[in-house]
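Student: Below are the structure tokens for one structure; questions will follow.
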Amino acid sequence: MKKIRFFLIFFVPLLFCAPVQRKEKLPEGYGLSAKYPEDKGLEKDPAVIFFENFEVSSISELEKRWENISSPQIMSLSDDTPSGNGHSLLMTHLGEQGTGGHLYRRLLPGYDQLFFRFYVKFDPDCGPIHHFFHVGGYNPPTPWPQGGAGERPRGDERFSTGVEPFGDTWVWDYYTYWMEMRGSPPEGKTWGNSFIRNPRLKVEKGKWICVELMMKMNDPVEERNGEMALWINGKLVSHLGKGFPKGKWIYDKFIPNQGGECVLWNDEKGGPEYFSVPQGGAPFEGFRWRKDPNLKLNFIWVLLYITQAPKEHISKVWFDNIVVSKSYIGPMKR
């Protein structure tokens, strides 16, 4: 793949001189869920475009709602649910026997803003997870998930964000690919970028957790006014857009609320570029997810990917009440 070059003479001022835009106040707590206790009837709300509560009699029935299912043999139906009723999906990974499994489907015809809410529970003895729940867009949309690890998207063919319980630290963050993502040493590879970097945002194992992700496309396509936000149990823990929050880049990691020395990988010279921003950080430049209006939010990928676990070590992860909506959903109301 042809190497994409960025000229830091132009790029560095662009990153840290973004005009401050008024930050939209996003909701917290209950949203659409307030009208539908235990999510009953939520699938009929006009804002909802996809709903999955795993109320089926067998895993094979999921093929009616998901276009691509990988490793169905690790999947089973469980009566452990966030509401205490019905079924959830249990994925069970055995160390050194594969890397996990997934459910994938398109969200057609494609959208400029969506909210993705799901419930998840990690067994206390679950091994480190390499990659997790992903959403994004492909142009053209495909009925299977695509590759591209380590490659910066062009802006007309794909973008994605994962919500990840990072490795051994088990803290929530993003894993994001887009056309202006940052590279990392030693060769400037563009692995997924992260944006929260909060060691206190620990994943609570052994409990059902409500996770919600919002993604908003940039429009017009020349602008960097795309956004992304994350809620944990109805509490907003991250919101990024043009001009907010303040922070600094250390290669492929954006660290909110910090200033001082920064470093970016300079593709042109094949090495690091050092500079400084004010104390407290400089405004985040915003997301330019696309340069082609045909690239939209059009897939959901429920992914359990484990690459390092001791032989025969059992890792269990439950999923339930997955909702994709045009508006904020919030946690299930009891």
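So you can find residues: chains in the structure tokens are A, B, ... in the order shown, residues in each start at 1, and ligands are numbered from 1 in order.
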Which neighbours of A:Asn257 fall inside 10 Å, counting only C-alpha atoms, when residues of the same chain fewer than 4 positions from it are skipped, and could you give them as an NGL selection string?

Tutor: :A and (245-248 or 279-283)

Student: Do you know which residues are at most 12 Å from A:Gln308 counting only C-alpha atoms, after dropping those on the same chain fewer than 6 positions away, and could you put them as a PyMOL selection string?

Tutor: chain A and resi 93-100+126-131+167-168+314-315

Student: Create the file for the chosen residues now, containing N, CA and C atoms and written as a short mmCIF file (atom, residue, chain, number, x, y, z; two decimals), in the first residue's frame.

Tutor:
data_model
loop_
_atom_site.label_atom_id
_atom_site.label_comp_id
_atom_site.auth_asym_id
_atom_site.auth_seq_id
_atom_site.Cartn_x
_atom_site.Cartn_y
_atom_site.Cartn_z
N HIS A 93 -13.89 -18.42 25.48
CA HIS A 93 -12.62 -18.63 24.80
C HIS A 93 -11.74 -19.55 25.62
N LEU A 94 -11.11 -20.51 24.94
CA LEU A 94 -10.19 -21.43 25.58
C LEU A 94 -8.78 -21.13 25.09
N GLY A 95 -7.87 -20.87 26.03
CA GLY A 95 -6.51 -20.47 25.68
C GLY A 95 -5.84 -21.42 24.69
N GLU A 96 -5.22 -20.80 23.65
CA GLU A 96 -4.50 -21.50 22.58
C GLU A 96 -5.40 -22.33 21.68
N GLN A 97 -6.71 -22.07 21.74
CA GLN A 97 -7.64 -22.71 20.82
C GLN A 97 -8.44 -21.62 20.10
N GLY A 98 -7.82 -21.02 19.10
CA GLY A 98 -8.45 -19.94 18.37
C GLY A 98 -8.29 -18.60 19.07
N THR A 99 -8.86 -17.56 18.46
CA THR A 99 -8.73 -16.20 19.00
C THR A 99 -10.07 -15.58 19.40
N GLY A 100 -11.14 -16.36 19.37
CA GLY A 100 -12.43 -15.82 19.77
C GLY A 100 -13.45 -15.94 18.66
N CYS A 126 -11.41 -13.64 33.33
CA CYS A 126 -11.25 -13.44 31.88
C CYS A 126 -9.84 -12.95 31.57
N GLY A 127 -9.23 -13.53 30.55
CA GLY A 127 -7.90 -13.11 30.14
C GLY A 127 -7.92 -11.78 29.41
N PRO A 128 -6.75 -11.15 29.22
CA PRO A 128 -6.67 -9.86 28.52
C PRO A 128 -7.27 -9.93 27.13
N ILE A 129 -8.08 -8.93 26.79
CA ILE A 129 -8.77 -8.88 25.50
C ILE A 129 -7.98 -7.99 24.55
N HIS A 130 -7.68 -8.52 23.38
CA HIS A 130 -6.88 -7.78 22.39
C HIS A 130 -7.74 -6.74 21.67
N HIS A 131 -8.89 -7.17 21.16
CA HIS A 131 -9.82 -6.24 20.52
C HIS A 131 -11.25 -6.62 20.89
N GLY A 167 -6.08 -4.45 27.52
CA GLY A 167 -5.08 -5.38 28.00
C GLY A 167 -5.04 -5.70 29.48
N ASP A 168 -3.83 -5.74 30.01
CA ASP A 168 -3.62 -6.09 31.42
C ASP A 168 -4.14 -5.01 32.36
N ILE A 314 -9.82 -20.50 30.58
CA ILE A 314 -11.18 -20.18 30.17
C ILE A 314 -11.49 -18.71 30.41
N SER A 315 -11.88 -18.01 29.34
CA SER A 315 -12.30 -16.61 29.42
C SER A 315 -13.75 -16.53 28.96
#

Student: Choose the residue, out of A:Gly147, A:Pro109, A:Gly234, A:Pro278, that has the smallest atom-to-atom separation from A:Leu32; count only C-alpha atoms.

Tutor: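 Using only C-alpha atoms, the shortest distance to A:Leu32 belongs to A:Gly234.
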
Student: Please identify all polymer residues within 8 Å of stretch 79-83 of chain A, counting only C-alpha atoms, omitting same-chain residues fewer than 5 positions from it, and present them as a PyMOL selection string.

Tutor: chain A and resi 38+88+119+208+320+334

Student: Please give the complete set of residues from stretch 71-230 of chain A that DSSP, run on the backbone, assigns to strand (DSSP E), formatted as a VMD selection string.

Tutor: chain A and resid 75 to 78 88 to 94 100 to 111 113 to 122 134 to 138 158 to 166 171 to 177 209 to 216 227 to 230

Student: Of the candidates A:Ile255, A:Ile59, A:Ile49, A:Val171, which one gets nearest to A:Lys205 if we count only C-alpha atoms?

Tutor: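 Of A:Ile255, A:Ile59, A:Ile49, A:Val171, the one nearest A:Lys205, counting only C-alpha atoms, is A:Val171.
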
Student: Excluding A:Gly286 and residues on its chain fewer than 4 positions from it, collect all residues at most 7 Å away from it, counting only C-alpha atoms, and give them as a ChimeraX atom specification.

Tutor: /A:224-227,240-243

Student: Could you name the residues that touch A:Arg290 at 8 Å or less, counting only C-alpha atoms, but leaving out those on the same chain fewer than 3 positions away, as a list of chain:residue names?

Tutor: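 The neighbour list is A:Gly155, A:Asp156, A:Phe159, A:Trp178, A:Met179, A:Met217, A:Asn218, A:Val221, A:Pro293, A:Leu295.
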
Student: For a test of reading the model, state the distance in Å between atom CA of A:Trp249 and atom CA of A:Arg200, rounded to one decimal.

Tutor: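 Between atom CA of A:Trp249 and atom CA of A:Arg200 the gap works out to 19.8 Å.
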
Student: Could you tell me how far atom CA of A:Pro72 lies from atom CA of A:Lys207, in Å and to one decimal?

Tutor: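 Distance reported for this atom pair: 24.0 Å.
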
Student: When you count only C-alpha atoms, which of these residues is closest to A:Val48: A:Leu90, A:Val323, A:Leu303, A:Leu297?

Tutor: A:Val323

Student: For a test of reading the model, state the distance in Å between atom CA of A:Lys64 and atom CA of A:His102, rounded to one decimal.

Tutor: 15.0 Å

Student: I want to know what sits within 12 Å of A:Gly271, based on only C-alpha atoms, with residues of the same chain fewer than 5 positions away left out; could you give that as an mmCIF file with C-alpha atoms, in the first residue's frame?

Tutor:
data_model
loop_
_atom_site.group_PDB
_atom_site.id
_atom_site.type_symbol
_atom_site.label_atom_id
_atom_site.label_comp_id
_atom_site.auth_asym_id
_atom_site.auth_seq_id
_atom_site.Cartn_x
_atom_site.Cartn_y
_atom_site.Cartn_z
ATOM 1 C CA PHE A 6 2.047 14.253 6.056
ATOM 2 C CA LEU A 8 4.572 18.537 9.702
ATOM 3 C CA GLY A 183 1.623 6.900 13.660
ATOM 4 C CA SER A 184 3.921 5.323 16.211
ATOM 5 C CA PRO A 185 7.580 4.281 16.370
ATOM 6 C CA PRO A 186 9.713 2.548 15.268
ATOM 7 C CA GLU A 187 8.367 2.657 11.679
ATOM 8 C CA GLY A 188 5.404 5.021 11.877
ATOM 9 C CA LYS A 189 2.834 2.218 11.764
ATOM 10 C CA TYR A 251 2.535 9.593 19.074
ATOM 11 C CA VAL A 263 5.702 14.141 19.833
ATOM 12 C CA LEU A 264 4.258 13.098 16.475
ATOM 13 C CA TRP A 265 5.609 10.691 13.911
ATOM 14 C CA ASN A 266 6.716 12.659 10.829
#

Student: I'd like the neighbourhood of A:Glu55 as a list in words, where a residue qualifies if any of its atoms comes within 9 Å (using only C-alpha atoms), though same-chain residues fewer than 4 positions away should be ignored.

Tutor: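 In the requested form, the answer reads Leu77, Gly86, His87 and Ser88 of chain A.
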
Student: Considering only C-alpha atoms, state which residue in the set A:Gly137, A:Phe132, A:Lys202, A:Trp191 is at the smallest distance from A:Gly150.

Tutor: A:Trp191
